[in-house]
file model.txt (compact mmCIF, C-alpha atoms and all ligand atoms)
# COMPACT_ATOMS: atom_id res chain seq x y z
CA MET A 1 111.41 -113.44 5.40
CA GLU A 2 111.45 -110.21 7.30
CA SER A 3 114.67 -109.76 9.13
CA TRP A 4 113.19 -109.30 12.58
CA ARG A 5 112.07 -112.89 12.19
CA LYS A 6 115.65 -114.00 11.54
CA PRO A 7 116.79 -116.76 13.82
CA ARG A 8 119.33 -115.75 16.40
CA PRO A 9 121.61 -117.82 18.56
CA GLN A 10 119.90 -119.33 21.57
CA GLN A 11 121.14 -117.77 24.79
CA PRO A 12 122.03 -120.08 27.64
CA GLY A 13 119.04 -120.42 29.93
CA GLU A 14 116.90 -118.50 27.51
CA ASN A 15 113.18 -118.80 28.05
CA ALA A 16 111.99 -115.84 26.06
CA PRO A 17 108.89 -116.20 23.91
CA SER A 18 109.91 -117.16 20.41
CA ILE A 19 110.07 -114.47 17.78
CA PHE A 20 108.58 -117.00 15.35
CA ALA A 21 105.48 -117.32 17.44
CA VAL A 22 102.28 -116.70 15.55
CA VAL A 23 100.34 -116.01 18.73
CA MET A 24 99.18 -112.52 19.39
CA ARG A 25 101.61 -110.19 21.11
CA ILE A 26 100.14 -107.98 23.80
CA PHE A 27 101.96 -105.09 25.44
CA SER A 28 100.94 -102.59 28.06
CA GLY A 29 102.84 -100.07 30.14
CA ILE A 30 101.77 -98.97 33.60
CA GLN A 31 102.98 -95.94 35.54
CA PRO A 32 104.38 -97.02 38.91
CA THR A 33 103.65 -93.81 40.82
CA GLY A 34 100.52 -93.13 42.84
CA ALA A 35 98.55 -95.31 45.24
CA LYS A 36 96.51 -97.51 42.92
CA THR A 37 92.74 -97.36 43.14
CA LEU A 38 89.68 -99.49 42.54
CA GLY A 39 89.44 -97.54 39.26
CA ASN A 40 92.86 -98.84 38.23
CA TYR A 41 91.61 -102.32 39.04
CA ALA A 42 88.41 -101.98 36.99
CA GLY A 43 90.03 -100.36 33.95
CA GLY A 44 93.54 -101.83 34.18
CA PHE A 45 94.56 -104.76 36.38
CA ARG A 46 91.41 -106.71 35.59
CA GLN A 47 91.97 -106.24 31.84
CA TYR A 48 95.60 -107.33 32.07
CA VAL A 49 94.68 -110.65 33.65
CA GLU A 50 92.15 -111.26 30.92
CA THR A 51 94.50 -110.34 28.07
CA GLN A 52 97.29 -112.53 29.41
CA GLU A 53 95.11 -115.50 28.43
CA ARG A 54 94.86 -114.36 24.83
CA GLY A 55 98.48 -114.40 23.73
CA GLU A 56 102.05 -113.62 24.64
CA ALA A 57 101.74 -110.71 27.03
CA PHE A 58 104.26 -108.12 28.22
CA PHE A 59 103.52 -105.82 31.15
CA CYS A 60 106.03 -103.06 31.60
CA ILE A 61 106.37 -100.92 34.71
CA VAL A 62 107.24 -97.66 32.97
CA ASP A 63 109.62 -96.16 35.52
CA LEU A 64 111.46 -94.19 32.80
CA HIS A 65 108.24 -92.35 32.03
CA SER A 66 107.79 -91.36 35.67
CA ILE A 67 110.82 -89.05 35.72
CA THR A 68 109.29 -86.65 33.19
CA VAL A 69 107.39 -84.75 35.90
CA GLU A 70 108.43 -83.65 39.38
CA TYR A 71 109.05 -86.82 41.44
CA ASP A 72 110.85 -88.18 44.47
CA PRO A 73 113.59 -90.83 43.81
CA ALA A 74 112.90 -92.80 47.01
CA GLU A 75 109.22 -92.88 46.15
CA LEU A 76 109.92 -94.07 42.61
CA ARG A 77 112.00 -96.97 43.94
CA ASP A 78 109.26 -97.92 46.35
CA SER A 79 106.38 -97.58 43.93
CA THR A 80 108.14 -99.66 41.27
CA LEU A 81 108.24 -102.59 43.69
CA ASN A 82 104.72 -101.83 44.90
CA LEU A 83 103.38 -102.01 41.37
CA TYR A 84 105.17 -105.26 40.60
CA ALA A 85 103.63 -106.83 43.70
CA MET A 86 100.20 -105.43 42.82
CA LEU A 87 100.33 -106.78 39.27
CA VAL A 88 101.01 -110.27 40.59
CA ALA A 89 98.54 -109.95 43.48
CA THR A 90 95.75 -109.04 41.05
CA GLY A 91 96.38 -112.16 39.01
CA LEU A 92 99.20 -111.76 36.51
CA ASP A 93 101.30 -114.89 36.35
CA PRO A 94 105.04 -114.19 36.05
CA ASP A 95 105.56 -117.61 34.43
CA ARG A 96 103.01 -117.01 31.77
CA SER A 97 103.49 -113.28 31.12
CA THR A 98 106.57 -111.12 31.03
CA ILE A 99 106.37 -108.54 33.80
CA PHE A 100 109.33 -106.19 34.00
CA ALA A 101 110.68 -102.74 34.76
CA GLN A 102 111.34 -100.56 31.73
CA SER A 103 114.68 -99.29 33.11
CA HIS A 104 116.00 -102.87 33.30
CA VAL A 105 115.88 -103.23 29.54
CA ALA A 106 118.18 -100.66 27.94
CA ALA A 107 116.56 -101.25 24.53
CA HIS A 108 113.70 -98.93 25.57
CA ALA A 109 115.93 -95.89 26.04
CA GLU A 110 117.85 -96.73 22.85
CA ALA A 111 114.71 -97.19 20.77
CA ALA A 112 113.35 -93.86 21.98
CA TRP A 113 116.40 -92.06 20.66
CA LEU A 114 116.35 -93.84 17.30
CA LEU A 115 112.62 -93.25 16.87
CA SER A 116 112.94 -89.57 17.70
CA ALA A 117 114.46 -89.25 14.22
CA VAL A 118 111.15 -90.30 12.64
CA THR A 119 108.82 -88.50 15.05
CA SER A 120 107.30 -85.21 14.03
CA TYR A 121 108.04 -82.30 16.36
CA GLY A 122 104.73 -80.73 15.40
CA GLN A 123 102.77 -83.86 16.26
CA LEU A 124 104.43 -84.07 19.69
CA GLY A 125 103.40 -80.49 20.36
CA ARG A 126 99.78 -81.36 19.58
CA MET A 127 99.53 -84.07 22.26
CA THR A 128 96.68 -83.13 24.60
CA GLN A 129 98.34 -84.77 27.58
CA PHE A 130 101.51 -82.76 27.01
CA LYS A 131 99.55 -79.53 26.78
CA GLU A 132 97.56 -80.30 29.93
CA LYS A 133 100.48 -81.57 32.01
CA SER A 134 102.81 -78.80 30.92
CA GLU A 135 100.42 -76.21 32.34
CA ARG A 136 100.71 -77.85 35.74
CA GLN A 137 104.54 -77.98 35.82
CA GLU A 138 106.71 -75.29 37.25
CA PHE A 139 109.69 -76.80 35.44
CA LEU A 140 108.80 -78.17 32.04
CA SER A 141 111.20 -81.00 31.11
CA ALA A 142 112.14 -81.99 27.57
CA GLY A 143 111.24 -85.52 28.66
CA LEU A 144 107.59 -84.57 29.08
CA PHE A 145 107.61 -83.48 25.45
CA THR A 146 109.33 -86.65 24.13
CA TYR A 147 107.35 -88.97 26.43
CA PRO A 148 105.26 -90.39 23.54
CA VAL A 149 108.43 -91.38 21.63
CA LEU A 150 109.56 -93.53 24.56
CA MET A 151 106.08 -95.02 24.66
CA ALA A 152 106.18 -95.76 20.92
CA GLY A 153 109.47 -97.59 21.43
CA ASP A 154 108.00 -99.63 24.30
CA ILE A 155 105.26 -100.89 22.05
CA LEU A 156 107.15 -101.30 18.77
CA LEU A 157 110.16 -103.17 20.21
CA TYR A 158 107.91 -106.17 20.94
CA GLN A 159 106.19 -106.39 17.54
CA THR A 160 103.00 -105.75 19.46
CA ASP A 161 99.59 -106.53 17.97
CA LEU A 162 97.40 -105.33 20.81
CA VAL A 163 97.81 -102.58 23.42
CA PRO A 164 95.28 -102.60 26.29
CA ILE A 165 95.18 -98.96 27.47
CA GLY A 166 92.95 -96.22 28.79
CA ASP A 167 90.98 -93.87 26.60
CA ASP A 168 93.29 -91.00 27.52
CA GLN A 169 96.12 -92.80 25.66
CA ARG A 170 94.45 -92.95 22.24
CA GLN A 171 96.44 -90.06 20.84
CA HIS A 172 99.73 -91.54 22.03
CA LEU A 173 98.95 -94.86 20.38
CA GLU A 174 98.05 -93.06 17.16
CA LEU A 175 101.45 -91.39 17.29
CA ALA A 176 103.16 -94.77 17.82
CA ARG A 177 101.40 -96.09 14.73
CA ASP A 178 102.47 -93.04 12.69
CA VAL A 179 106.06 -93.45 13.86
CA ALA A 180 106.03 -97.14 12.92
CA GLU A 181 104.63 -96.43 9.49
CA ARG A 182 107.12 -93.65 8.83
CA PHE A 183 110.01 -95.90 9.86
CA ASN A 184 108.72 -98.79 7.72
CA THR A 185 108.35 -96.53 4.69
CA ARG A 186 111.71 -94.90 5.08
CA PHE A 187 113.88 -97.86 6.17
CA GLY A 188 111.90 -100.97 5.18
CA GLU A 189 109.30 -103.11 6.94
CA THR A 190 110.45 -103.38 10.53
CA PHE A 191 107.47 -102.93 12.84
CA ARG A 192 104.05 -104.40 13.20
CA ILE A 193 101.37 -101.73 13.44
CA PRO A 194 99.69 -102.09 16.85
CA GLU A 195 95.98 -101.75 17.65
CA GLY A 196 94.60 -100.31 20.88
CA GLN A 197 92.17 -102.13 23.14
CA TYR A 198 90.15 -99.67 25.20
CA PRO A 199 88.03 -100.42 28.26
CA GLU A 200 84.35 -100.92 27.49
CA VAL A 201 82.14 -97.94 28.04
CA GLY A 202 80.91 -98.20 31.59
CA ALA A 203 84.07 -99.95 32.80
CA ARG A 204 85.00 -96.65 34.41
CA VAL A 205 84.75 -96.30 38.13
CA MET A 206 83.84 -92.78 39.22
CA ASP A 207 84.74 -90.81 42.34
CA LEU A 208 82.35 -91.70 45.19
CA GLN A 209 82.04 -88.05 46.22
CA ASP A 210 81.79 -86.71 42.69
CA PRO A 211 80.35 -89.45 40.49
CA VAL A 212 80.69 -87.47 37.27
CA SER A 213 84.52 -87.46 37.55
CA LYS A 214 86.80 -90.46 37.20
CA MET A 215 88.18 -92.04 40.38
CA SER A 216 91.70 -90.69 40.09
CA THR A 217 95.04 -92.02 41.33
CA SER A 218 96.33 -88.47 41.60
CA SER A 219 93.59 -87.26 43.99
CA PRO A 220 94.90 -86.29 47.44
CA LEU A 221 95.59 -89.40 49.53
CA ALA A 222 92.89 -88.40 52.01
CA ALA A 223 90.21 -88.07 49.33
CA GLN A 224 87.09 -89.83 50.62
CA GLY A 225 85.76 -90.53 47.14
CA VAL A 226 88.72 -92.71 46.13
CA VAL A 227 89.01 -96.35 47.20
CA ARG A 228 92.68 -97.40 47.22
CA MET A 229 93.68 -100.99 46.56
CA LEU A 230 95.36 -101.11 49.96
CA ASP A 231 92.65 -99.43 52.04
CA GLU A 232 91.74 -101.19 55.30
CA PRO A 233 88.28 -102.85 55.34
CA ASP A 234 86.93 -100.21 57.71
CA THR A 235 88.17 -97.40 55.50
CA ILE A 236 86.49 -99.02 52.52
CA ARG A 237 83.22 -99.34 54.48
CA ARG A 238 83.38 -95.72 55.60
CA LYS A 239 84.10 -94.42 52.09
CA LEU A 240 81.24 -96.39 50.58
CA ARG A 241 78.84 -95.43 53.38
CA SER A 242 79.47 -91.76 52.63
CA ALA A 243 79.25 -92.18 48.84
CA VAL A 244 76.88 -89.61 47.38
CA THR A 245 73.66 -91.08 46.07
CA ASP A 246 70.85 -89.53 44.12
CA SER A 247 67.30 -88.60 44.93
CA GLY A 248 64.82 -91.47 44.76
CA ARG A 249 65.41 -94.88 46.26
CA GLU A 250 65.48 -97.28 43.35
CA VAL A 251 68.65 -99.24 42.57
CA LYS A 252 68.57 -98.57 38.86
CA HIS A 253 71.36 -98.01 36.36
CA ASP A 254 70.92 -94.60 34.75
CA PRO A 255 74.24 -92.71 34.53
CA ALA A 256 72.64 -89.47 33.28
CA GLU A 257 69.95 -89.20 35.97
CA LYS A 258 71.49 -91.27 38.76
CA PRO A 259 75.29 -91.07 38.47
CA GLY A 260 75.92 -91.98 42.13
CA ILE A 261 73.84 -95.16 42.20
CA SER A 262 74.94 -96.16 38.70
CA ASN A 263 78.54 -95.94 39.83
CA LEU A 264 77.83 -98.12 42.86
CA ILE A 265 76.09 -100.66 40.62
CA GLU A 266 79.13 -100.77 38.40
CA ILE A 267 81.42 -101.16 41.37
CA MET A 268 79.26 -104.09 42.45
CA THR A 269 79.65 -105.70 39.01
CA VAL A 270 83.42 -105.26 39.23
CA ALA A 271 83.50 -106.85 42.68
CA THR A 272 81.20 -109.81 42.05
CA GLY A 273 81.35 -110.39 38.30
CA GLU A 274 77.57 -110.00 38.02
CA SER A 275 75.93 -108.03 35.21
CA VAL A 276 74.22 -104.67 35.78
CA GLU A 277 70.82 -106.36 35.29
CA GLU A 278 71.60 -109.02 37.85
CA VAL A 279 72.53 -106.40 40.42
CA GLU A 280 69.38 -104.38 39.68
CA ALA A 281 67.21 -107.48 40.02
CA ARG A 282 68.85 -108.49 43.30
CA TYR A 283 68.10 -105.08 44.87
CA ASP A 284 64.69 -104.53 43.32
CA GLY A 285 62.54 -102.67 45.86
CA GLN A 286 65.19 -102.65 48.60
CA GLY A 287 66.31 -99.00 48.73
CA TYR A 288 69.79 -97.51 48.90
CA GLY A 289 70.76 -98.37 52.47
CA PRO A 290 71.19 -102.16 52.30
CA PHE A 291 72.60 -101.84 48.79
CA LYS A 292 75.42 -99.49 49.84
CA ALA A 293 76.33 -101.73 52.75
CA ASP A 294 76.48 -104.76 50.44
CA VAL A 295 78.64 -102.94 47.88
CA ALA A 296 81.09 -102.16 50.68
CA GLU A 297 81.22 -105.83 51.75
CA ALA A 298 81.67 -106.99 48.15
CA VAL A 299 84.61 -104.61 47.70
CA VAL A 300 86.15 -105.76 50.99
CA GLU A 301 85.78 -109.35 49.82
CA LEU A 302 87.39 -108.56 46.48
CA LEU A 303 90.33 -106.68 47.96
CA THR A 304 91.12 -108.78 51.04
CA PRO A 305 92.79 -111.72 49.23
CA ILE A 306 94.56 -109.30 46.85
CA GLN A 307 95.95 -107.37 49.82
CA LYS A 308 97.09 -110.59 51.47
CA ARG A 309 99.02 -111.76 48.37
CA TYR A 310 100.38 -108.24 47.93
CA ARG A 311 101.77 -108.10 51.48
CA GLU A 312 103.37 -111.54 51.20
CA LEU A 313 105.18 -110.59 48.04
CA ARG A 314 106.01 -107.02 49.00
CA GLY A 315 107.56 -108.32 52.21
CA ASP A 316 110.01 -110.50 50.28
CA ASP A 317 112.55 -108.28 48.51
CA ARG A 318 114.66 -111.22 47.37
CA GLU A 319 111.74 -112.85 45.64
CA LEU A 320 110.76 -109.57 43.99
CA GLN A 321 114.33 -109.09 42.85
CA ARG A 322 114.43 -112.62 41.44
CA LEU A 323 111.15 -112.21 39.57
CA LEU A 324 112.13 -108.80 38.18
CA ALA A 325 115.40 -110.26 36.93
CA ILE A 326 113.57 -113.06 35.12
CA GLY A 327 111.14 -110.58 33.58
CA ALA A 328 113.98 -108.32 32.43
CA GLU A 329 115.79 -111.26 30.84
CA LYS A 330 112.71 -112.37 28.92
CA ALA A 331 111.97 -108.79 27.80
CA ARG A 332 115.58 -108.29 26.71
CA ASN A 333 115.51 -111.41 24.59
CA ALA A 334 112.18 -110.53 23.05
CA SER A 335 113.12 -106.95 22.15
CA GLU A 336 116.68 -107.54 20.99
CA PRO A 337 115.97 -108.69 17.41
CA THR A 338 113.85 -105.61 16.71
CA LEU A 339 116.40 -103.20 18.15
CA HIS A 340 119.07 -104.95 16.09
CA SER A 341 117.03 -104.47 12.88
CA MET A 342 116.47 -100.83 13.72
CA TYR A 343 120.19 -100.12 14.01
CA GLU A 344 120.99 -102.11 10.92
CA ARG A 345 118.34 -100.50 8.72
CA MET A 346 119.16 -97.03 9.86
CA GLY A 347 122.71 -97.53 8.62
CA PHE A 348 124.69 -97.98 11.80
CA VAL A 349 127.91 -99.98 11.61
CA MET A 350 127.86 -103.13 13.73
CA PRO A 351 130.90 -103.50 15.96
CA ALA A 352 132.78 -106.72 15.16
CA SER A 353 132.16 -107.99 18.65
CA GLY A 354 128.42 -107.45 18.23
CA ARG A 355 126.39 -104.93 20.10
CA PHE A 356 126.01 -105.50 23.80
CA PHE A 357 122.25 -105.36 24.00
CA GLY A 358 120.31 -104.39 27.05
CA ALA A 359 123.03 -104.88 29.59
CA ALA A 360 121.25 -103.24 32.48
CA ARG A 361 120.55 -105.65 35.29
CA PRO A 362 118.40 -105.00 38.32
CA LYS A 363 120.62 -104.62 41.36
CA GLY A 364 120.49 -103.30 44.85
CA LEU A 365 116.75 -103.35 45.45
N1 LIG B 401 101.49 -93.53 28.89
C1 LIG B 401 100.83 -94.66 29.48
C2 LIG B 401 99.89 -94.16 30.59
O1 LIG B 401 100.13 -93.15 31.18
C3 LIG B 401 101.81 -95.64 30.06
C4 LIG B 401 102.62 -96.30 29.01
C5 LIG B 401 103.95 -96.13 28.76
C6 LIG B 401 102.16 -97.29 28.08
N2 LIG B 401 104.36 -96.96 27.75
C7 LIG B 401 103.28 -97.66 27.31
C8 LIG B 401 100.90 -97.87 27.84
C9 LIG B 401 103.16 -98.61 26.29
C10 LIG B 401 100.78 -98.81 26.84
C11 LIG B 401 101.90 -99.16 26.06
O2 LIG B 401 98.93 -94.86 30.88
call {"tool": "encode", "arguments": {"input": "model.txt", "output": "C-alpha cells"}}
result
Amino acid sequence: MESWRKPRPQQPGENAPSIFAVVMRIFSGIQPTGAKTLGNYAGGFRQYVETQERGEAFFCIVDLHSITVEYDPAELRDSTLNLYAMLVATGLDPDRSTIFAQSHVAAHAEAAWLLSAVTSYGQLGRMTQFKEKSERQEFLSAGLFTYPVLMAGDILLYQTDLVPIGDDQRQHLELARDVAERFNTRFGETFRIPEGQYPEVGARVMDLQDPVSKMSTSSPLAAQGVVRMLDEPDTIRRKLRSAVTDSGREVKHDPAEKPGISNLIEIMTVATGESVEEVEARYDGQGYGPFKADVAEAVVELLTPIQKRYRELRGDDRELQRLLAIGAEKARNASEPTLHSMYERMGFVMPASGRFFGAARPKGL
C-alpha cells in the first residue's frame, strides 16, 4: 500500500474526508482580490457548485498567492472574507465541501519549499503569466516567479484528481504535473497526477463595452462593461442597457459576426439556465430592445438572492470565523499525510515528538 494511504491516528473531533476514500478528489484555488464579476460566476463559482456534487471537493482562498504582486494588507484581509462569503452565497456548502484560507494551513507554505527542489528554474521562467505580469510590476518579487510552485503544492497535497480552472492556468497545471512526476520518480510514488477541467468554450462572459475581450476582475471599478456580483439592480440595468450591440436586429448567436448580441445571449443562458437555442427561439423576430431589457432583469433575478445571502454572512464575522476554522481543520487533516510522506521520502529526520503539522489557526478576524 502506498504510504500516503497509511492509516493515522484519529484526531479528536476529526471530520476530515478519509484518505482511504475512493471518491474523486477535486481541488481549486481562487484569488481573493478584486471585486468579483458575472464572468467569475459563469466561469468559476457556477462550476464549483457543480463539481462539489461529483466528489470530495476542496476550495482554497489563495491568500498566499495574492502577496506576490503589489497589494494592500487591509484590502487582502477584507477580500479574503468577501470571497468566503461569496463562495457560500453562490452555492458551495461548507458541510459538504472544504472551503478554507490557504494561509490557515501551514502545509501549503511548507510544500512549496519542498517542491521548489524538484521544480525547474528554466520552466518557471517560461511561464507566460510570469512574463506578462512581470512587465507590469515596478518591483518584481521572487514570489511572482515561484508562484506556480506554491500552486503545485496546493493541488498535490490533497491527492487531487481534478482541478477546475480557467484556460489561463493550463501552463501552471502542466508544471504541477511535471513537478509531481519528477518527485515520484526521484523519491517514490507520492502524488496523484491531477487533470484540469476547463470551462466549456462559450462559457466565457465578455466585456459589455468591448465584447471581444473577457469581462475582467481587474478592470477599473467604474468600468461600465463589467457587471460586478455586488452591483445594485439599477447599476446592472444601466450597464446592460448601454451594452454595445451589433448592426442588424436579429437575436442570433454568431460570435464572429455579432459578438455583442452573442455575449448577451450567453449571459441570458447563465442567468436562466436555458440553452442558446431556447433563448434565440424566445426572441425570434423581437429585436434588440426588449431582449436587452430582459437580460438585465434575468441578471438582477440571478444576483438578488446571492447578494442577500452574501450580506447576511458577511455581516456575521463570528460565523465566518467559525466556518473558516472548520474548513482549516478539515484541510489540515486531509493534507497532513501527504506532507508527512514528502518529508519522510526526502530524507528528513522526524523529531521524536512528531512534527507539529499545520499549526496556524485563524485568529483575530
Ligand atoms: N493561480 C490560480 C489563478 O490565478 C489560483 C490558484 C492557486 C489555483 N492555487 C491553485 C487554482 C490551485 C487551482 C488549483 O486562477
call {"tool": "closest_residue", "arguments": {"input": "model.txt", "among": "A:Thr80, A:Thr160, A:Ser242, A:Asn184", "to": "ligand LIG 401 (chain B)", "atoms": "all atoms listed in the file"}}
result
A:Thr160
call {"tool": "residues_around", "arguments": {"input": "model.txt", "residues": "range 88-93 of chain A", "least_positions_apart": "4", "cutoff": "12 Å", "atoms": "only C-alpha atoms", "output": "PDB file with C-alpha atoms, keeping the file's coordinate frame"}}
result
ATOM      1  CA  LYS A  36      96.510 -97.510  42.920  1.00  0.00           C
ATOM      2  CA  LEU A  38      89.680 -99.490  42.540  1.00  0.00           C
ATOM      3  CA  ASN A  40      92.860 -98.840  38.230  1.00  0.00           C
ATOM      4  CA  TYR A  41      91.610-102.320  39.040  1.00  0.00           C
ATOM      5  CA  ALA A  42      88.410-101.980  36.990  1.00  0.00           C
ATOM      6  CA  GLY A  44      93.540-101.830  34.180  1.00  0.00           C
ATOM      7  CA  PHE A  45      94.560-104.760  36.380  1.00  0.00           C
ATOM      8  CA  ARG A  46      91.410-106.710  35.590  1.00  0.00           C
ATOM      9  CA  GLN A  47      91.970-106.240  31.840  1.00  0.00           C
ATOM     10  CA  TYR A  48      95.600-107.330  32.070  1.00  0.00           C
ATOM     11  CA  VAL A  49      94.680-110.650  33.650  1.00  0.00           C
ATOM     12  CA  GLU A  50      92.150-111.260  30.920  1.00  0.00           C
ATOM     13  CA  THR A  51      94.500-110.340  28.070  1.00  0.00           C
ATOM     14  CA  GLN A  52      97.290-112.530  29.410  1.00  0.00           C
ATOM     15  CA  GLU A  53      95.110-115.500  28.430  1.00  0.00           C
ATOM     16  CA  GLU A  56     102.050-113.620  24.640  1.00  0.00           C
ATOM     17  CA  ALA A  57     101.740-110.710  27.030  1.00  0.00           C
ATOM     18  CA  PHE A  58     104.260-108.120  28.220  1.00  0.00           C
ATOM     19  CA  PHE A  59     103.520-105.820  31.150  1.00  0.00           C
ATOM     20  CA  LEU A  81     108.240-102.590  43.690  1.00  0.00           C
ATOM     21  CA  ASN A  82     104.720-101.830  44.900  1.00  0.00           C
ATOM     22  CA  LEU A  83     103.380-102.010  41.370  1.00  0.00           C
ATOM     23  CA  TYR A  84     105.170-105.260  40.600  1.00  0.00           C
ATOM     24  CA  SER A  97     103.490-113.280  31.120  1.00  0.00           C
ATOM     25  CA  THR A  98     106.570-111.120  31.030  1.00  0.00           C
ATOM     26  CA  ILE A  99     106.370-108.540  33.800  1.00  0.00           C
ATOM     27  CA  PHE A 100     109.330-106.190  34.000  1.00  0.00           C
ATOM     28  CA  MET A 229      93.680-100.990  46.560  1.00  0.00           C
ATOM     29  CA  LEU A 230      95.360-101.110  49.960  1.00  0.00           C
ATOM     30  CA  LEU A 302      87.390-108.560  46.480  1.00  0.00           C
ATOM     31  CA  LEU A 303      90.330-106.680  47.960  1.00  0.00           C
ATOM     32  CA  THR A 304      91.120-108.780  51.040  1.00  0.00           C
ATOM     33  CA  PRO A 305      92.790-111.720  49.230  1.00  0.00           C
ATOM     34  CA  ILE A 306      94.560-109.300  46.850  1.00  0.00           C
ATOM     35  CA  GLN A 307      95.950-107.370  49.820  1.00  0.00           C
ATOM     36  CA  LYS A 308      97.090-110.590  51.470  1.00  0.00           C
ATOM     37  CA  ARG A 309      99.020-111.760  48.370  1.00  0.00           C
ATOM     38  CA  TYR A 310     100.380-108.240  47.930  1.00  0.00           C
ATOM     39  CA  ARG A 311     101.770-108.100  51.480  1.00  0.00           C
ATOM     40  CA  GLU A 312     103.370-111.540  51.200  1.00  0.00           C
ATOM     41  CA  LEU A 313     105.180-110.590  48.040  1.00  0.00           C
ATOM     42  CA  ARG A 314     106.010-107.020  49.000  1.00  0.00           C
ATOM     43  CA  LEU A 320     110.760-109.570  43.990  1.00  0.00           C
ATOM     44  CA  LEU A 323     111.150-112.210  39.570  1.00  0.00           C
ATOM     45  CA  LEU A 324     112.130-108.800  38.180  1.00  0.00           C
ATOM     46  CA  GLY A 327     111.140-110.580  33.580  1.00  0.00           C
TER      47      GLY A 327
END
call {"tool": "residues_near_ligand", "arguments": {"input": "model.txt", "ligand": "ligand LIG 401 (chain B)", "cutoff": "10 Å", "atoms": "all atoms listed in the file", "output": "JSON, numbers by chain"}}
result
{"A": [26, 27, 28, 29, 30, 31, 32, 44, 58, 59, 60, 61, 62, 63, 64, 65, 66, 102, 108, 129, 147, 148, 149, 150, 151, 152, 153, 154, 155, 156, 160, 162, 163, 164, 165, 166, 167, 168, 169, 170, 172, 173, 176, 194, 196, 197]}
call {"tool": "residues_around", "arguments": {"input": "model.txt", "residues": "Glu266 in chain A", "least_positions_apart": "4", "cutoff": "7 Å", "atoms": "all atoms listed in the file", "output": "PyMOL selection string"}}
result
chain A and resi 262+270+276
call {"tool": "residues_around", "arguments": {"input": "model.txt", "residues": "Arg204 in chain A", "least_positions_apart": "6", "cutoff": "8 Å", "atoms": "all atoms listed in the file", "output": "PyMOL selection string"}}
result
chain A and resi 39+42-43+214
call {"tool": "atom_distance", "arguments": {"input": "model.txt", "atom1": "CA of Arg25 in chain A", "atom2": "CA of Met86 in chain A"}}
result
22.3 Å
call {"tool": "closest_residue", "arguments": {"input": "model.txt", "among": "A:Leu114, A:Ile265, A:Val244, A:Val300", "to": "Val227 in chain A", "atoms": "all atoms listed in the file"}}
result
A:Val300
call {"tool": "closest_residue", "arguments": {"input": "model.txt", "among": "A:Arg54, A:Lys252, A:Arg282, A:Lys292", "to": "Ile236 in chain A", "atoms": "only C-alpha atoms"}}
result
A:Lys292
call {"tool": "atom_distance", "arguments": {"input": "model.txt", "atom1": "CA of Glu278 in chain A", "atom2": "CA of Leu264 in chain A"}}
result
13.5 Å
call {"tool": "closest_residue", "arguments": {"input": "model.txt", "among": "A:Ile326, A:Glu195, A:Arg136, A:Tyr288", "to": "Arg96 in chain A", "atoms": "all atoms listed in the file"}}
result
A:Ile326
call {"tool": "atom_distance", "arguments": {"input": "model.txt", "atom1": "CA of Ala117 in chain A", "atom2": "CA of Gln137 in chain A"}}
result
26.3 Å
call {"tool": "closest_residue", "arguments": {"input": "model.txt", "among": "A:Glu75, A:Val299, A:Asp95, A:Leu87", "to": "Glu232 in chain A", "atoms": "only C-alpha atoms"}}
result
A:Val299
call {"tool": "decode", "arguments": {"input": "model.txt", "residues": "range 216-231 of chain A", "atoms": "C-alpha atoms", "output": "PDB file, in the first residue's frame"}}
result
ATOM      1  CA  SER A 216     -12.157  41.185 -16.290  1.00  0.00           C
ATOM      2  CA  THR A 217     -11.983  41.451 -12.498  1.00  0.00           C
ATOM      3  CA  SER A 218      -9.011  43.770 -12.816  1.00  0.00           C
ATOM      4  CA  SER A 219     -10.802  46.377 -14.968  1.00  0.00           C
ATOM      5  CA  PRO A 220     -11.221  49.758 -13.237  1.00  0.00           C
ATOM      6  CA  LEU A 221     -14.072  49.620 -10.718  1.00  0.00           C
ATOM      7  CA  ALA A 222     -16.035  52.186 -12.723  1.00  0.00           C
ATOM      8  CA  ALA A 223     -15.831  50.177 -15.953  1.00  0.00           C
ATOM      9  CA  GLN A 224     -19.308  50.143 -17.498  1.00  0.00           C
ATOM     10  CA  GLY A 225     -18.707  46.903 -19.369  1.00  0.00           C
ATOM     11  CA  VAL A 226     -18.161  44.841 -16.212  1.00  0.00           C
ATOM     12  CA  VAL A 227     -21.067  43.563 -14.105  1.00  0.00           C
ATOM     13  CA  ARG A 228     -19.907  43.014 -10.507  1.00  0.00           C
ATOM     14  CA  MET A 229     -21.533  40.378  -8.324  1.00  0.00           C
ATOM     15  CA  LEU A 230     -22.478  43.079  -5.831  1.00  0.00           C
ATOM     16  CA  ASP A 231     -23.779  45.717  -8.256  1.00  0.00           C
TER      17      ASP A 231
END
